[in-house]
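Q: I am sharing query.csv, which consists of CSV, C-alpha atoms and all ligand atoms:
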```
chain,number,residue,atom,x,y,z
R,832,MET,CA,54.4,95.4,88.3
R,833,PRO,CA,56.8,93.5,90.5
R,834,VAL,CA,58.4,90.4,89.0
R,835,GLU,CA,58.6,87.2,90.9
R,836,THR,CA,62.2,86.2,91.0
R,837,LYS,CA,63.5,82.7,91.4
R,838,LEU,CA,64.8,81.9,94.8
R,839,LYS,CA,68.6,81.5,94.9
R,840,VAL,CA,68.6,80.3,98.5
R,841,HIS,CA,66.0,78.7,100.7
R,842,ASN,CA,66.4,80.9,103.7
R,843,PHE,CA,65.2,79.5,107.0
R,844,SER,CA,66.9,82.1,109.1
R,845,ALA,CA,65.3,82.9,112.5
R,846,GLY,CA,65.6,86.6,112.1
R,847,PRO,CA,66.4,88.8,110.4
R,848,CYS,CA,64.9,86.6,107.8
R,849,VAL,CA,63.3,86.1,104.4
R,850,LEU,CA,60.9,88.8,103.1
R,851,PRO,CA,58.8,88.7,99.9
R,852,GLN,CA,61.1,88.8,96.9
R,853,GLN,CA,59.0,91.6,95.4
R,854,VAL,CA,59.6,93.7,98.6
R,855,PHE,CA,63.3,93.3,98.1
R,856,GLN,CA,62.9,94.7,94.6
R,857,GLN,CA,60.7,97.6,95.5
R,858,ALA,CA,62.9,98.5,98.4
R,859,ALA,CA,66.0,98.3,96.3
R,860,GLN,CA,64.4,100.6,93.7
R,861,ALA,CA,63.4,103.1,96.4
R,862,VAL,CA,67.0,103.3,97.6
R,863,LEU,CA,68.0,104.3,94.1
R,864,ASP,CA,65.1,106.5,93.0
R,865,TRP,CA,62.0,106.7,95.2
R,866,ASP,CA,58.8,106.8,93.1
R,867,GLY,CA,60.6,108.7,90.3
R,868,SER,CA,61.4,111.6,92.6
R,869,GLY,CA,65.1,111.5,91.8
R,870,LEU,CA,65.7,111.1,95.5
R,871,SER,CA,66.6,108.0,97.5
R,872,ILE,CA,64.3,107.0,100.3
R,873,LEU,CA,67.4,107.2,102.4
R,874,GLU,CA,67.9,110.9,101.8
R,875,VAL,CA,64.5,112.4,102.3
R,876,SER,CA,63.1,114.2,105.3
R,877,HIS,CA,60.8,112.2,107.6
R,878,ARG,CA,58.7,115.4,107.9
R,879,GLY,CA,58.1,115.7,104.1
R,880,LYS,CA,54.8,114.7,102.7
R,881,PRO,CA,55.9,111.5,100.9
R,882,PHE,CA,57.3,109.9,104.1
R,883,VAL,CA,54.5,111.2,106.3
R,884,GLU,CA,52.1,109.4,104.0
R,885,VAL,CA,54.2,106.2,104.3
R,886,MET,CA,54.0,106.4,108.1
R,887,GLU,CA,50.2,107.0,108.0
R,888,LYS,CA,49.7,104.1,105.5
R,889,THR,CA,51.8,101.7,107.5
R,890,ARG,CA,50.0,102.5,110.8
R,891,ALA,CA,46.6,102.1,109.0
R,892,LEU,CA,47.7,98.8,107.4
R,893,VAL,CA,48.6,97.3,110.8
R,894,LYS,CA,45.2,98.1,112.1
R,895,GLU,CA,43.4,97.0,109.0
R,896,LEU,CA,45.2,93.6,108.7
R,897,LEU,CA,44.8,92.8,112.4
R,898,GLY,CA,41.3,94.2,112.6
R,899,ALA,CA,42.3,96.5,115.5
R,900,PRO,CA,39.6,98.7,117.2
R,901,ASP,CA,39.6,102.2,115.7
R,902,HIS,CA,40.8,103.9,118.9
R,903,TYR,CA,44.0,101.7,119.1
R,904,GLN,CA,47.3,103.4,118.3
R,905,VAL,CA,50.3,102.2,116.4
R,906,VAL,CA,53.8,103.5,116.8
R,907,PHE,CA,57.2,102.4,115.4
R,908,LEU,CA,60.2,102.9,117.5
R,909,GLY,CA,63.9,101.8,117.4
R,910,GLY,CA,65.5,99.7,120.1
R,911,GLY,CA,64.2,96.3,119.1
R,912,ALA,CA,61.6,94.2,121.0
R,913,SER,CA,64.2,94.2,123.7
R,914,MET,CA,63.4,97.9,124.4
R,915,GLY,CA,59.8,96.8,124.4
R,916,PHE,CA,60.6,94.6,127.5
R,917,HIS,CA,61.6,97.9,129.2
R,918,LEU,CA,58.7,100.0,127.9
R,919,VAL,CA,56.1,97.5,129.2
R,920,PRO,CA,56.7,98.1,132.9
R,921,GLN,CA,57.5,101.7,132.4
R,922,ASN,CA,54.1,102.3,130.8
R,923,PHE,CA,51.9,99.8,132.5
R,924,MET,CA,53.3,99.1,136.0
R,925,LYS,CA,52.1,101.3,138.8
R,926,VAL,CA,54.7,102.7,141.2
R,927,GLY,CA,54.9,100.1,143.9
R,928,GLY,CA,53.1,97.6,141.7
R,929,LYS,CA,54.0,94.4,139.8
R,930,GLY,CA,53.7,92.8,136.4
R,931,ALA,CA,52.7,89.2,136.0
R,932,TYR,CA,54.6,87.0,133.4
R,933,CYS,CA,54.6,83.6,131.9
R,934,HIS,CA,58.2,82.3,131.6
R,935,THR,CA,58.5,80.4,128.3
R,936,GLY,CA,62.1,81.0,127.4
R,937,GLU,CA,64.9,83.5,126.7
R,938,TRP,CA,62.8,86.4,125.5
R,939,ALA,CA,60.3,86.0,128.4
R,940,LYS,CA,63.2,85.9,130.8
R,941,ARG,CA,64.6,89.2,129.5
R,942,ALA,CA,61.1,90.8,129.8
R,943,ILE,CA,60.8,89.6,133.4
R,944,LYS,CA,64.2,91.1,134.2
R,945,GLU,CA,63.0,94.5,133.1
R,946,ALA,CA,59.9,94.2,135.3
R,947,LYS,CA,62.0,93.3,138.3
R,948,LEU,CA,64.2,96.3,137.8
R,949,ALA,CA,61.1,98.5,137.5
R,950,GLY,CA,59.5,97.3,140.7
R,951,GLY,CA,58.5,93.6,140.6
R,952,ALA,CA,57.6,90.6,138.6
R,953,ILE,CA,55.3,87.7,139.5
R,954,THR,CA,56.1,84.6,137.4
R,955,VAL,CA,52.7,82.9,137.2
R,956,ALA,CA,54.0,79.9,135.3
R,957,SER,CA,57.2,78.6,133.7
R,958,SER,CA,58.3,75.8,131.4
R,959,GLU,CA,61.9,76.0,132.5
R,960,ASP,CA,61.7,72.5,134.1
R,961,LYS,CA,61.7,70.9,130.6
R,962,ASN,CA,64.0,73.4,128.8
R,963,PHE,CA,61.0,75.4,127.6
R,964,SER,CA,59.8,72.7,125.4
R,965,TYR,CA,56.1,73.3,126.2
R,966,ILE,CA,53.6,76.1,126.9
R,967,PRO,CA,52.4,76.2,130.5
R,968,LYS,CA,48.6,75.9,130.8
R,969,GLY,CA,45.9,76.2,133.5
R,970,PHE,CA,47.6,78.9,135.4
R,971,ALA,CA,45.8,81.8,137.0
R,972,VAL,CA,46.8,85.4,136.7
R,973,PRO,CA,46.6,87.3,140.0
R,974,SER,CA,44.2,90.2,139.9
R,975,GLU,CA,46.6,92.3,141.9
R,976,ALA,CA,49.1,92.4,139.1
R,977,ASP,CA,49.1,95.6,136.9
R,978,TYR,CA,49.2,93.5,133.7
R,979,PHE,CA,50.0,90.1,132.4
R,980,HIS,CA,52.7,89.6,129.8
R,981,PHE,CA,53.4,86.6,127.6
R,982,THR,CA,55.5,85.7,124.5
R,983,SER,CA,53.1,84.3,121.9
R,984,ASN,CA,55.8,82.4,120.0
R,985,ASN,CA,59.0,81.3,121.4
R,986,THR,CA,61.4,81.7,118.6
R,987,ILE,CA,64.3,79.8,120.1
R,988,PHE,CA,62.4,76.9,121.5
R,989,GLY,CA,59.8,76.4,118.8
R,990,THR,CA,56.7,76.7,121.0
R,991,GLN,CA,53.6,78.8,120.4
R,992,TYR,CA,50.4,79.5,122.3
R,993,LYS,CA,47.5,78.0,120.3
R,994,GLN,CA,45.1,79.7,122.6
R,995,PHE,CA,45.9,83.0,124.1
R,996,PRO,CA,45.7,83.1,127.9
R,997,LYS,CA,42.8,84.9,129.6
R,998,SER,CA,43.6,87.6,132.1
R,999,PRO,CA,41.7,89.6,134.7
R,1000,VAL,CA,44.3,92.4,134.2
R,1001,PRO,CA,45.5,94.1,131.0
R,1002,LEU,CA,47.0,91.6,128.6
R,1003,ILE,CA,50.3,92.4,126.9
R,1004,ALA,CA,52.1,90.2,124.3
R,1005,ASP,CA,55.4,90.1,122.7
R,1006,MET,CA,54.4,88.8,119.2
R,1007,SER,CA,57.8,89.5,117.6
R,1008,SER,CA,58.0,86.1,115.8
R,1009,ASP,CA,54.4,85.4,114.9
R,1010,ILE,CA,52.7,88.8,114.3
R,1011,PHE,CA,50.6,88.8,111.1
R,1012,SER,CA,50.8,85.0,110.9
R,1013,ARG,CA,47.4,84.2,112.3
R,1014,PRO,CA,44.3,86.0,113.5
R,1015,VAL,CA,44.4,87.9,116.8
R,1016,ASN,CA,41.5,89.5,118.6
R,1017,VAL,CA,43.3,92.8,119.2
R,1018,ALA,CA,40.6,94.1,121.5
R,1019,ASP,CA,41.6,91.5,124.1
R,1020,PHE,CA,45.0,93.1,124.4
R,1021,ALA,CA,46.1,96.3,126.1
R,1022,MET,CA,49.2,96.1,123.9
R,1023,ILE,CA,50.8,93.9,121.3
R,1024,TYR,CA,54.4,94.6,120.3
R,1025,ALA,CA,56.8,93.1,117.8
R,1026,GLY,CA,60.2,93.6,116.4
R,1027,ALA,CA,60.0,94.0,112.7
R,1028,GLN,CA,62.7,91.6,111.6
R,1029,LYS,CA,60.7,88.3,111.7
R,1030,ASN,CA,57.4,88.9,109.9
R,1031,MET,CA,57.3,92.6,109.0
R,1032,GLY,CA,60.5,94.0,107.6
R,1033,PRO,CA,64.2,94.7,108.3
R,1034,ALA,CA,65.6,95.0,111.8
R,1035,GLY,CA,65.5,98.5,113.2
R,1036,ALA,CA,61.9,99.1,114.0
R,1037,THR,CA,59.5,97.7,116.6
R,1038,MET,CA,55.8,98.0,116.3
R,1039,TYR,CA,53.7,98.9,119.3
R,1040,LEU,CA,49.9,98.5,118.9
R,1041,PHE,CA,48.0,99.6,122.1
R,1042,ASP,CA,44.9,100.8,123.6
R,1043,PRO,CA,45.7,104.4,124.7
R,1044,ALA,CA,43.1,104.2,127.4
R,1045,ALA,CA,45.3,101.6,129.2
R,1046,LEU,CA,48.1,104.2,129.5
R,1047,GLY,CA,48.8,107.0,132.0
R,1048,LYS,CA,47.8,105.0,135.1
R,1049,THR,CA,51.1,104.3,136.6
R,1050,GLY,CA,52.0,107.4,138.6
R,1051,ARG,CA,55.5,107.1,137.0
R,1052,GLU,CA,57.2,110.1,135.5
R,1053,LEU,CA,58.5,109.0,132.1
R,1054,SER,CA,61.2,110.2,129.8
R,1055,PRO,CA,59.4,111.3,126.6
R,1056,MET,CA,61.4,108.7,124.7
R,1057,MET,CA,60.0,106.0,126.9
R,1058,ASP,CA,56.5,107.3,127.0
R,1059,LEU,CA,54.2,105.5,124.5
R,1060,ALA,CA,51.5,108.1,124.9
R,1061,ASN,CA,53.9,110.8,123.8
R,1062,HIS,CA,54.9,108.8,120.7
R,1063,ALA,CA,51.3,108.2,119.9
R,1064,ALA,CA,50.4,111.9,120.3
R,1065,LYS,CA,53.2,112.8,117.9
R,1066,GLU,CA,52.0,110.1,115.4
R,1067,SER,CA,55.2,108.2,115.8
R,1068,MET,CA,57.2,111.2,114.7
R,1069,TYR,CA,58.4,112.6,118.1
R,1070,ASN,CA,61.9,112.0,116.9
R,1071,THR,CA,63.2,110.7,113.6
R,1072,PRO,CA,61.5,107.3,113.1
R,1073,PRO,CA,63.3,104.4,111.5
R,1074,VAL,CA,62.4,105.7,108.0
R,1075,PHE,CA,63.7,102.8,105.9
R,1076,PRO,CA,62.4,100.0,108.1
R,1077,VAL,CA,59.0,101.6,108.2
R,1078,TYR,CA,58.9,101.9,104.5
R,1079,VAL,CA,59.8,98.2,104.0
R,1080,ILE,CA,57.2,97.3,106.6
R,1081,MET,CA,54.6,99.1,104.5
R,1082,LEU,CA,55.7,97.2,101.4
R,1083,THR,CA,55.5,93.9,103.3
R,1084,LEU,CA,52.1,94.7,104.7
R,1085,GLN,CA,50.9,95.7,101.2
R,1086,TRP,CA,52.1,92.4,99.9
R,1087,LEU,CA,50.3,90.6,102.7
R,1088,LYS,CA,47.1,92.4,102.0
R,1089,GLY,CA,47.5,91.7,98.3
R,1090,ILE,CA,47.7,87.9,98.7
R,1091,GLY,CA,44.5,87.9,100.9
R,1092,GLY,CA,45.7,89.1,104.3
R,1093,ILE,CA,45.8,87.0,107.5
R,1094,PRO,CA,43.3,84.3,106.4
R,1095,GLU,CA,45.4,83.5,103.4
R,1096,ILE,CA,48.7,83.6,105.2
R,1097,GLN,CA,47.4,81.4,108.0
R,1098,LYS,CA,46.5,78.7,105.4
R,1099,ARG,CA,49.9,79.0,103.8
R,1100,ASN,CA,51.7,78.8,107.2
R,1101,ALA,CA,49.6,75.8,108.2
R,1102,ALA,CA,50.5,74.0,105.0
R,1103,LYS,CA,54.3,74.7,105.5
R,1104,ALA,CA,54.3,73.7,109.1
R,1105,GLY,CA,52.2,70.6,108.4
R,1106,LEU,CA,54.6,69.4,105.8
R,1107,LEU,CA,57.7,70.0,107.9
R,1108,TYR,CA,56.3,68.4,111.1
R,1109,SER,CA,54.8,65.4,109.3
R,1110,THR,CA,58.3,64.8,107.8
R,1111,VAL,CA,60.0,65.0,111.2
R,1112,ASP,CA,57.4,62.6,112.7
R,1113,LYS,CA,57.6,60.2,109.8
R,1114,LEU,CA,61.3,59.7,109.8
R,1115,PRO,CA,62.6,57.9,112.8
R,1116,ILE,CA,66.1,59.5,112.6
R,1117,PHE,CA,64.6,62.9,113.5
R,1118,GLN,CA,62.8,64.0,116.6
R,1119,GLY,CA,60.9,67.2,117.3
R,1120,THR,CA,62.0,69.0,120.5
R,1121,ALA,CA,58.7,70.8,121.4
R,1122,ALA,CA,55.6,69.2,122.8
R,1123,LYS,CA,53.4,68.3,119.9
R,1124,GLU,CA,50.4,70.4,120.9
R,1125,ASP,CA,52.5,73.5,121.4
R,1126,ARG,CA,54.6,73.3,118.2
R,1127,SER,CA,55.2,76.6,116.6
R,1128,GLU,CA,54.1,77.2,113.0
R,1129,MET,CA,56.9,79.7,112.7
R,1130,ASN,CA,60.0,78.0,114.1
R,1131,ALA,CA,60.2,74.2,114.0
R,1132,THR,CA,62.9,72.8,116.3
R,1133,PHE,CA,64.1,69.2,115.8
R,1134,VAL,CA,67.2,67.1,116.3
R,1135,LEU,CA,68.9,64.1,114.7
R,1136,LYS,CA,68.6,61.4,117.3
R,1137,ASP,CA,72.2,60.4,116.5
R,1138,ALA,CA,74.1,63.7,116.7
R,1139,ALA,CA,77.1,62.0,115.0
R,1140,LEU,CA,75.1,62.2,111.8
R,1141,GLU,CA,75.0,66.0,111.9
R,1142,PRO,CA,78.1,66.8,109.7
R,1143,ALA,CA,76.7,64.6,106.9
R,1144,PHE,CA,73.2,66.1,107.1
R,1145,ASP,CA,74.7,69.6,107.2
R,1146,ALA,CA,76.7,69.0,104.0
R,1147,MET,CA,73.6,67.7,102.3
R,1148,TRP,CA,71.2,70.6,103.0
R,1149,LYS,CA,73.9,73.1,102.3
R,1150,GLU,CA,74.4,71.4,98.9
R,1151,ALA,CA,70.6,71.8,98.3
R,1152,GLY,CA,70.8,75.6,98.7
R,1153,ILE,CA,69.3,75.6,102.1
R,1154,SER,CA,70.5,78.2,104.7
R,1155,GLY,CA,69.9,79.0,108.3
R,1156,ILE,CA,68.6,75.8,109.9
R,1157,ARG,CA,71.2,75.3,112.6
R,1158,GLY,CA,69.4,75.5,116.0
R,1159,HIS,CA,69.9,78.2,118.6
R,1160,ARG,CA,73.0,77.5,120.8
R,1161,SER,CA,70.7,76.9,123.8
R,1162,VAL,CA,68.7,74.1,122.1
R,1163,GLY,CA,71.2,72.6,119.6
R,1164,GLY,CA,70.0,70.5,116.7
R,1165,TYR,CA,68.0,72.3,114.0
R,1166,ARG,CA,65.5,75.1,113.7
R,1167,ALA,CA,63.6,75.7,110.5
R,1168,SER,CA,62.0,79.2,110.7
R,1169,MET,CA,59.1,79.4,108.3
R,1170,TYR,CA,58.0,83.0,108.5
R,1171,ASN,CA,55.2,84.5,106.3
R,1172,ALA,CA,57.4,85.2,103.3
R,1173,LEU,CA,59.0,81.7,103.2
R,1174,PRO,CA,57.5,79.9,100.2
R,1175,LEU,CA,56.2,76.3,100.5
R,1176,GLU,CA,58.7,75.5,97.8
R,1177,SER,CA,61.5,76.1,100.4
R,1178,VAL,CA,59.9,73.7,102.9
R,1179,ARG,CA,59.6,71.1,100.1
R,1180,ALA,CA,63.3,71.5,99.3
R,1181,LEU,CA,64.1,70.9,103.0
R,1182,THR,CA,61.8,67.9,103.5
R,1183,GLU,CA,63.1,66.3,100.3
R,1184,VAL,CA,66.6,66.5,101.8
R,1185,MET,CA,65.4,65.1,105.1
R,1186,GLU,CA,63.8,62.2,103.2
R,1187,GLU,CA,66.8,61.5,101.2
R,1188,PHE,CA,69.1,61.7,104.2
R,1189,ALA,CA,66.9,59.3,106.1
R,1190,LYS,CA,66.9,56.8,103.3
R,1191,LYS,CA,70.7,56.8,103.2
R,1192,ASN,CA,71.1,56.7,107.0
R,1193,GLY,CA,67.9,55.2,108.4
U,1201,LIG,C1,63.8,88.3,118.2
U,1201,LIG,C2,62.9,88.4,119.3
U,1201,LIG,C3,63.1,89.4,120.3
U,1201,LIG,C4,64.2,90.3,120.3
U,1201,LIG,O1,64.2,91.3,119.4
U,1201,LIG,P1,65.3,92.4,119.3
U,1201,LIG,O2,64.9,93.2,118.1
U,1201,LIG,O3,66.6,91.7,119.0
U,1201,LIG,O4,65.4,93.2,120.5
U,1201,LIG,C5,62.1,89.5,121.3
U,1201,LIG,N1,61.1,88.6,121.4
U,1201,LIG,C6,60.9,87.6,120.5
U,1201,LIG,C7,59.8,86.7,120.7
U,1201,LIG,C8,61.8,87.5,119.5
U,1201,LIG,O5,61.6,86.5,118.5
```
Using structure tokens, write down the structure from this file.
A:
Amino acid sequence: MPVETKLKVHNFSAGPCVLPQQVFQQAAQAVLDWDGSGLSILEVSHRGKPFVEVMEKTRALVKELLGAPDHYQVVFLGGGASMGFHLVPQNFMKVGGKGAYCHTGEWAKRAIKEAKLAGGAITVASSEDKNFSYIPKGFAVPSEADYFHFTSNNTIFGTQYKQFPKSPVPLIADMSSDIFSRPVNVADFAMIYAGAQKNMGPAGATMYLFDPAALGKTGRELSPMMDLANHAAKESMYNTPPVFPVYVIMLTLQWLKGIGGIPEIQKRNAAKAGLLYSTVDKLPIFQGTAAKEDRSEMNATFVLKDAALEPAFDAMWKEAGISGIRGHRSVGGYRASMYNALPLESVRALTEVMEEFAKKNG
């Protein structure tokens, strides 16, 4: 039975980030001696039965936890979610066609760039006018687009769609930074993809969950490595998959299932975000940077109204064993990332420091 270890550091890193402590222990053990086999997980064939079972279990857990329709497929590929930006137009944009996008920040921008290179992008809405501090609403997706793509959670800017957009064309989402944090009606999506290193596991694998019926309509000839249908037909084993990341994803998803799955984690995430944002709002020396109704439950962005206080605040949270809350360089200030595995205890530690700092400097 895994032992709960005491946290040494409160890790608010935006990604790669905290994973369940028991997963770290199980993964460490498997590196030394995997399930008593005398072999390390790092030295076994991906074609051997033990790892084939890991891959099958992991793919099944994804579908089970998200309640995906039976016929949906799951593959794990390298290349990061950034390769996903490329795979989307390659697999869903007709030759001579266009993809529609909502522009909500850096990751959306990179996705749009790939669509432009592949043939064309229609930007249906953008929040660039206010440094991506809100989620555009009330836009219409043109029915001539081949698909509509959005970023469900904007990791850098701390905004998150509370309601997913409706689309007359196949819906595709980059859910890298909020996958498995809340319920999703998978059947509404032609594809959901997500890099592992925020809510699933270590960097090195990206999950693609898609409706195979939505593929094969583009008239494009694809390299087998870029062809999602090929990877699905080979059960995510066309080439050597990211063996260790997939194994750790399996452990993380088993942990998630064990604590009660998405309904339970959604409650925990709401409690953590509620505590953090109520502290930001209560203390006048701090200010949230995202529009209140669009605030992310995963990445909370805020600033000290008086930036001259930053060095003193930084010294105080570092002293309290807190790590990784400096904001992204394009936003400044602070960003507390509160992914699934971050315990409420860590958010308490941070909000206590904020309260104490405000008392001294307010
Ligand atoms: C981190 C992140 C990415 C980029 O992932 P890579 O694995 O670095 O390619 C893309 N989209 C979102 C929403 C992210 O948070």
Q: Show me the residues close to (61.0, 61.3, 111.3) - anything with an atom within 10 Å, counting all atoms listed in the file - and format the list as a ChimeraX atom specification.
A: /R:1107-1119,1133-1136,1185-1186,1189,1193
Q: Tell me which of R:Phe843, R:Asp1042, R:Ala1180, R:Glu1052 sits closest to R:Tyr903, counting all atoms listed in the file.
A: R:Asp1042
Q: Measuring atom to atom with all atoms listed in the file, identify which of R:Glu1176, R:Glu1187, R:Glu975, R:Glu937 is nearest to ligand LIG 1201 (chain U).
A: R:Glu937
Q: Could you tell me which of R:Val926, R:Ala891, R:Leu1140, R:Leu1002 comes closest to R:Lys1191 if we count only C-alpha atoms?
A: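 So, comparing all the options, the nearest one is R:Leu1140.
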Q: If we count only C-alpha atoms, what is near R:Pro847 at a cut-off of 7 Å, once residues fewer than 3 positions away on the same chain are taken out, given as an MDAnalysis selection string?
A: chainID R and resid 844 1028:1029 1033:1034
Q: Enumerate as a PyMOL selection string the residues within 8 Å of ligand LIG 1201 (chain U), counting all atoms listed in the file.
A: chain R and resi 845-846+910-915+938-939+982-987+1005-1008+1025-1029+1034-1037
Q: Could you work out how far atom CA of R:Phe855 lies from atom CA of R:Lys839, giving the answer in Å with one decimal?
A: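 Result for atom CA of R:Lys839 versus atom CA of R:Phe855: 13.3 Å, one decimal.
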Q: With a distance cut-off of 8 Å and all atoms listed in the file, select the neighbouring residues of R:Asn842, excluding the residue or stretch itself and same-chain residues fewer than 5 positions from it, and output the selection as a list in words.
A: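 My list of contacting residues is Cys848, Val849, Ile1153, Ser1154, Gly1155, Leu1173 and Ser1177 of chain R.
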Q: At a cut-off of 9 Å, using only C-alpha atoms, what residues contact stretch 861-874 of chain R? Leave out same-chain residues fewer than 5 positions from it and give the result as a VMD selection string.
A: chain R and resid 856 882 1074 to 1075 1078
Q: Between R:Ala931, R:Lys947, R:Phe988, R:Arg1099, which residue has the minimum interatomic distance to R:Ala971, considering only C-alpha atoms?
A: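 Result for the nearest residue to R:Ala971: R:Ala931.
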Q: Using all atoms listed in the file, which protein or nucleic acid residues come within 8 Å of stretch 954-960 of chain R? Drop anything in the same chain fewer than 6 positions from it, and give the result as a list in words.
A: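 Residues meeting the cut-off are Ala931, Tyr932, Cys933, His934, Thr935, Gly936, Ile943, Ile966, Pro967, Phe970, Ala971 and Val972 of chain R.
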Q: Expressed in Å to a single decimal, how great is the separation between atom CA of R:Glu1128 and atom CA of R:Ala1172?
A: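 That distance, rounded to one decimal, is 13.0 Å.
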Q: Restricting the calculation to all atoms listed in the file, which member of R:Tyr1165, R:Pro1055, R:Pro851, R:Lys894 is positioned closest to R:Ala1138?
A: R:Tyr1165
